[in-house]
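Student: Sharing a structure here in structure tokens format.
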Amino acid sequence: MSHVGVGPRAVMRSVAFLTAGVLAVPALAGCTSEDPSGKPLAEQDVAAAGRASVSDGGTLRWAVDSVPDTLNAFQSDADATTTRVAQAVLPSMFRMDEAGSPVRNPDYLESAEVVDTEPKPVVVYKLNQQAVWSDGREIGAADFAAQWRALSGKDSAYWTARNAGYDRIEKIERGANDLEVKVTFSRPYADWKALFTPLYPKDVTGTPDAFNDGARRALKVSAGPFAVKKVDTKGDQVVLTGNPRWWGEPAKLDQIVLRAVPRDERVSELVAGELDLAEIDPETADEVGLAAGPRDPATGTPLMGPGGTPAAGPQGRSAAQALRSWAIANGSDEEAAEEEVLAREKRREAEAKARRRQQALSGFEVRKSLEPAYTQLALNGADGPLADERVRRAVARALDREKLAEAVLKPLGLPAEPVGSHLALSGQPAYADGSGALGEQNAKEARALLADAGWVPGGPVKKKDGEEAAGAEKDKKDKEEKDGKDEKKSEGDDDGTYIVGEDNKNEGGDRNDGGGDDAKDGADRESGEKHSSGKNTAQGGAPGAYAPKGTAAPAGAAAAPLAKDGKALTLRFVLPSGPGSETLRTVADRITDMLKEIGIGTEVTKVPDESYFKDHIAAGEYDLALYSWPASAFPATDARPIYAKPVPAADGSLNVAQNYTRVGTDQVDQLFDRAMTTLDQKEARGLLRKADSRIWAAAGSVPLYQRPQLVAARENLANAGAFGFETPVYEDMGFLKKGAQGSRPSAPAPSSSPSSPSS
């Protein structure tokens, strides 16, 4: 699967998770209501305009997350900016359309088709006769062959991230003429369209030294509408300029400057006029949206001030002087009057600063869509309670995925539908909602699964003198104790970690309804972190826990905590702590509440962003986690490492590839293998949908929602913004001529809900 079309699959799959600030579109022609792939949930939002409406010249200043360590998209340390550069400066045989499907790129390719299947599959590429590298040499078979040899995996001297697909090629030859490339495969490969995008010149791929080092900081030879002018690590930017040998539609812009700007600094850079295009968080989007709202026709300033208050007029200073004079004349304490005047002046200065900020942002607009990526809840099945499939399924069935999607997307005015597939997104050919293999959200069924796995409500967590552990047989006398009797809970270690689903009690076993929770709530408010603080009902009084069969528990009621063999059912929920991960933490809060309703406690741990993936997700140091996978037009190839069954390595460790949940089955692997080796697209889609159903049933991960994409763009910037699935068309980007307007999707109905934090 490939964030955030959006980049070489080897890169995007190695950069596995997308936490903060990880796309959308018209209907697929020919889709019917019976087509399970459906339609993309949102249109792309780029202020589309014809080239005749776009001015020639100008520089686009585009915020990115980083200056890339390498410009070689097939190396392990390539990132999303590497992809952006590759899209603008290198050939791509196929590009993504608005529905996330591969389409032939006519600038490079006149045709590409399977011409033989027996005895071995053969694909013939017919190249655009005008296609040349920036040094004047024709693009041809030598470039294809050099890239195949570099990425085939046969020569370990090449430092490649992966070789999927290239390892199935047997040979590459010149075809009937210099414009034809004949590729013979050793065995069928369904995703052959994924290959040679991007295509590097043989100067880069021809030798290990050139591949490993030659394209890290420069690309001397390229073949796109733009070329790399410089990679400025000191200035934190990559500068792209027009390619004079480009044969297609000439680039409208003179330059594209990709500037590395931290997400929490982007609004300041927008205010300072240093950026034209930047992906932003929901809070910044609210501010930009307010600034772009109704304005005073005379002054051009927003009619409403920060927070929706009327903008102040120019009479502020005289009003302050009048207040001071009145206070002194009426015998008020002069010092107190002075303090009041100063306080009001400070407020006015803050308001004036906010107005100036709004004025600066009024030249921008928010373009929004859905990224080709989805956020999931990962359940680590390597060990602990989640090693039991029944517990994983219970967790999954406790989740109301619709409410989670609504919490993130509805406040943004974006379609709030939960994702129904691990392997594709709505509108892509392989998409079908396979969640039925797991079952709908059902707390009662979730509790039954947990009971079947031996986790029972209430009871002491640790053995004490004369007392048995939870899950063991109770004395009849204990079972007949009166309803409502409070049960003494085990006391967790006082290490500052908040355990959702466990409340402080007085030593006598009575519920502590006083300062304990108040103190905890106060601490949470001060840290800016939100936790669930609902109280559990004691054994015998858990809503519905011991009610007669058929009696429903009150809606939203928390079940008694579960335990087994003296151990409480508490799951480690690991989250990133950075400023761009507010949405993940909000979603986590809601998930912990949902799990508490079936008796599962969660131990929430927030870790630095830089260690979140490496030290926790990849290392398996978690029970529950939230991270995202990009969608791909080639799921048979790209998704297999994510869901393949882990296998023991030679040193005794477990080789998980990219399956960080450690949950997999032989059957899923076999379905992927079959899908990868058929050239019948309909058959491949059917096999992938079966694989997805089995991934749902194993409950190693639960797709939640498609990630939102919010982009602040200068109002007169055309053909750039929230791109959806579609690969950007860099040569068409530019600034509108005076009086021209770009086309944008219809505005969604306004939401009365408060803004959601960024994802």
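For the structure tokens, the naming scheme is as follows: chains receive sequential letters (A, B, ...) according to their order of presentation, residues are indexed from 1 within each chain, and ligands are indexed from 1 in presentation order.
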To test your reading of the structure, identify every residue in segment 54-83 of chain A that backbone DSSP assigns to alpha helix (DSSP H), and report it as a PyMOL selection string.
Tutor: chain A and resi 80-83
Student: Mind writing the picked residues with C-alpha atoms as a PDB file, in the first residue's frame?
Tutor:
ATOM      1  CA  ALA A  80       8.019  11.545   1.699  1.00  0.00           C
ATOM      2  CA  THR A  81      10.072  14.492   0.413  1.00  0.00           C
ATOM      3  CA  THR A  82      12.195  12.069  -1.619  1.00  0.00           C
ATOM      4  CA  THR A  83       8.929  11.006  -3.231  1.00  0.00           C
TER       5      THR A  83
END
Student: By how many Å are atom CA of Leu199 of chain A and atom CA of Gln87 of chain A apart?
Tutor: 10.2 Å
Student: Quick one: pick out all strand (DSSP E) residues within segment 544-702 of chain A from a backbone DSSP run and write them as a ChimeraX atom specification.
Tutor: /A:562-564,567-568,570-576,601-607,624-630,647-648,654-655,701-702
Student: Could you write those residues out with N, CA and C atoms, as an mmCIF file, in the first residue's frame?
Tutor:
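Output (result_34.cif):
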data_model
loop_
_atom_site.group_PDB
_atom_site.id
_atom_site.type_symbol
_atom_site.label_atom_id
_atom_site.label_comp_id
_atom_site.auth_asym_id
_atom_site.auth_seq_id
_atom_site.Cartn_x
_atom_site.Cartn_y
_atom_site.Cartn_z
ATOM 1 N N LEU A 562 -12.124 -6.962 34.616
ATOM 2 C CA LEU A 562 -11.953 -8.391 34.425
ATOM 3 C C LEU A 562 -10.596 -8.848 34.954
ATOM 4 N N ALA A 563 -10.525 -10.090 35.362
ATOM 5 C CA ALA A 563 -9.279 -10.645 35.862
ATOM 6 C C ALA A 563 -9.254 -12.142 35.595
ATOM 7 N N LYS A 564 -8.046 -12.707 35.649
ATOM 8 C CA LYS A 564 -7.855 -14.129 35.399
ATOM 9 C C LYS A 564 -6.583 -14.571 36.103
ATOM 10 N N LYS A 567 -4.678 -11.884 37.891
ATOM 11 C CA LYS A 567 -4.126 -10.762 37.136
ATOM 12 C C LYS A 567 -5.242 -10.018 36.426
ATOM 13 N N ALA A 568 -5.256 -8.688 36.593
ATOM 14 C CA ALA A 568 -6.272 -7.864 35.944
ATOM 15 C C ALA A 568 -6.025 -7.809 34.442
ATOM 16 N N THR A 570 -5.474 -5.713 31.877
ATOM 17 C CA THR A 570 -5.048 -4.335 31.615
ATOM 18 C C THR A 570 -4.077 -4.347 30.444
ATOM 19 N N LEU A 571 -4.351 -3.548 29.433
ATOM 20 C CA LEU A 571 -3.554 -3.515 28.218
ATOM 21 C C LEU A 571 -2.720 -2.245 28.147
ATOM 22 N N ARG A 572 -1.470 -2.386 27.704
ATOM 23 C CA ARG A 572 -0.570 -1.237 27.552
ATOM 24 C C ARG A 572 -0.919 -0.501 26.262
ATOM 25 N N PHE A 573 -1.372 0.725 26.388
ATOM 26 C CA PHE A 573 -1.751 1.548 25.238
ATOM 27 C C PHE A 573 -0.668 2.611 25.059
ATOM 28 N N VAL A 574 0.147 2.465 24.020
ATOM 29 C CA VAL A 574 1.272 3.375 23.796
ATOM 30 C C VAL A 574 0.892 4.401 22.737
ATOM 31 N N LEU A 575 1.172 5.678 23.032
ATOM 32 C CA LEU A 575 0.797 6.782 22.144
ATOM 33 C C LEU A 575 1.952 7.754 22.002
ATOM 34 N N PRO A 576 2.039 8.454 20.865
ATOM 35 C CA PRO A 576 3.049 9.507 20.727
ATOM 36 C C PRO A 576 2.631 10.736 21.512
ATOM 37 N N GLY A 601 -9.178 -2.793 31.254
ATOM 38 C CA GLY A 601 -8.456 -1.586 31.651
ATOM 39 C C GLY A 601 -7.329 -1.298 30.678
ATOM 40 N N THR A 602 -6.906 -0.059 30.604
ATOM 41 C CA THR A 602 -5.797 0.319 29.728
ATOM 42 C C THR A 602 -4.794 1.164 30.496
ATOM 43 N N GLU A 603 -3.552 0.849 30.296
ATOM 44 C CA GLU A 603 -2.457 1.610 30.896
ATOM 45 C C GLU A 603 -1.874 2.491 29.790
ATOM 46 N N VAL A 604 -2.182 3.776 29.842
ATOM 47 C CA VAL A 604 -1.806 4.700 28.778
ATOM 48 C C VAL A 604 -0.400 5.242 29.023
ATOM 49 N N THR A 605 0.476 5.073 28.054
ATOM 50 C CA THR A 605 1.841 5.580 28.141
ATOM 51 C C THR A 605 2.120 6.442 26.920
ATOM 52 N N LYS A 606 2.551 7.667 27.152
ATOM 53 C CA LYS A 606 2.875 8.597 26.067
ATOM 54 C C LYS A 606 4.388 8.695 25.948
ATOM 55 N N VAL A 607 4.880 8.506 24.734
ATOM 56 C CA VAL A 607 6.320 8.462 24.505
ATOM 57 C C VAL A 607 6.694 9.488 23.445
ATOM 58 N N LEU A 624 -1.598 -2.131 22.690
ATOM 59 C CA LEU A 624 -2.441 -1.378 21.766
ATOM 60 C C LEU A 624 -1.657 -0.165 21.272
ATOM 61 N N ALA A 625 -1.847 0.200 20.026
ATOM 62 C CA ALA A 625 -1.181 1.381 19.473
ATOM 63 C C ALA A 625 -1.983 1.876 18.280
ATOM 64 N N LEU A 626 -1.823 3.154 17.984
ATOM 65 C CA LEU A 626 -2.467 3.764 16.822
ATOM 66 C C LEU A 626 -1.389 4.237 15.851
ATOM 67 N N TYR A 627 -1.448 3.761 14.637
ATOM 68 C CA TYR A 627 -0.583 4.295 13.590
ATOM 69 C C TYR A 627 -1.263 4.034 12.249
ATOM 70 N N SER A 628 -0.698 4.568 11.186
ATOM 71 C CA SER A 628 -1.368 4.539 9.890
ATOM 72 C C SER A 628 -0.554 3.817 8.841
ATOM 73 N N TRP A 629 -1.269 3.248 7.869
ATOM 74 C CA TRP A 629 -0.655 2.676 6.680
ATOM 75 C C TRP A 629 -1.148 3.434 5.460
ATOM 76 N N PRO A 630 -0.254 3.714 4.507
ATOM 77 C CA PRO A 630 -0.722 4.317 3.255
ATOM 78 C C PRO A 630 -1.407 3.281 2.386
ATOM 79 N N VAL A 647 7.937 -15.419 10.888
ATOM 80 C CA VAL A 647 8.646 -16.702 10.840
ATOM 81 C C VAL A 647 9.911 -16.606 11.679
ATOM 82 N N PRO A 648 10.313 -17.706 12.305
ATOM 83 C CA PRO A 648 11.544 -17.681 13.101
ATOM 84 C C PRO A 648 12.763 -17.443 12.215
ATOM 85 N N LEU A 654 12.234 -13.633 15.960
ATOM 86 C CA LEU A 654 11.067 -13.712 15.088
ATOM 87 C C LEU A 654 11.187 -12.659 13.998
ATOM 88 N N ASN A 655 11.178 -13.094 12.752
ATOM 89 C CA ASN A 655 11.232 -12.168 11.624
ATOM 90 C C ASN A 655 9.808 -11.734 11.299
ATOM 91 N N SER A 701 -5.402 -6.154 13.671
ATOM 92 C CA SER A 701 -5.504 -4.702 13.512
ATOM 93 C C SER A 701 -6.922 -4.367 13.097
ATOM 94 N N VAL A 702 -7.354 -3.172 13.489
ATOM 95 C CA VAL A 702 -8.723 -2.732 13.206
ATOM 96 C C VAL A 702 -8.657 -1.390 12.488
#
Student: Rank A:Leu377, A:Val181, A:Ala407, A:Ala63 by their smallest atom-to-atom distance to Val124 of chain A, using only C-alpha atoms, and report the top residue only.
Tutor: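 For Val124 of chain A, the nearest of the candidates is A:Val181.
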Student: Just to confirm, what's the straight-line distance from atom CA of Ala718 of chain A to atom CA of Lys368 of chain A in Å (one decimal)?
Tutor: 14.2 Å
Student: Residues near Leu253 of chain A, anyone? I mean within 9 Å using only C-alpha atoms, not counting same-chain ones fewer than 5 positions away, as an NGL selection string.
Tutor: :A and (55-60 or 241-242 or 730-735)
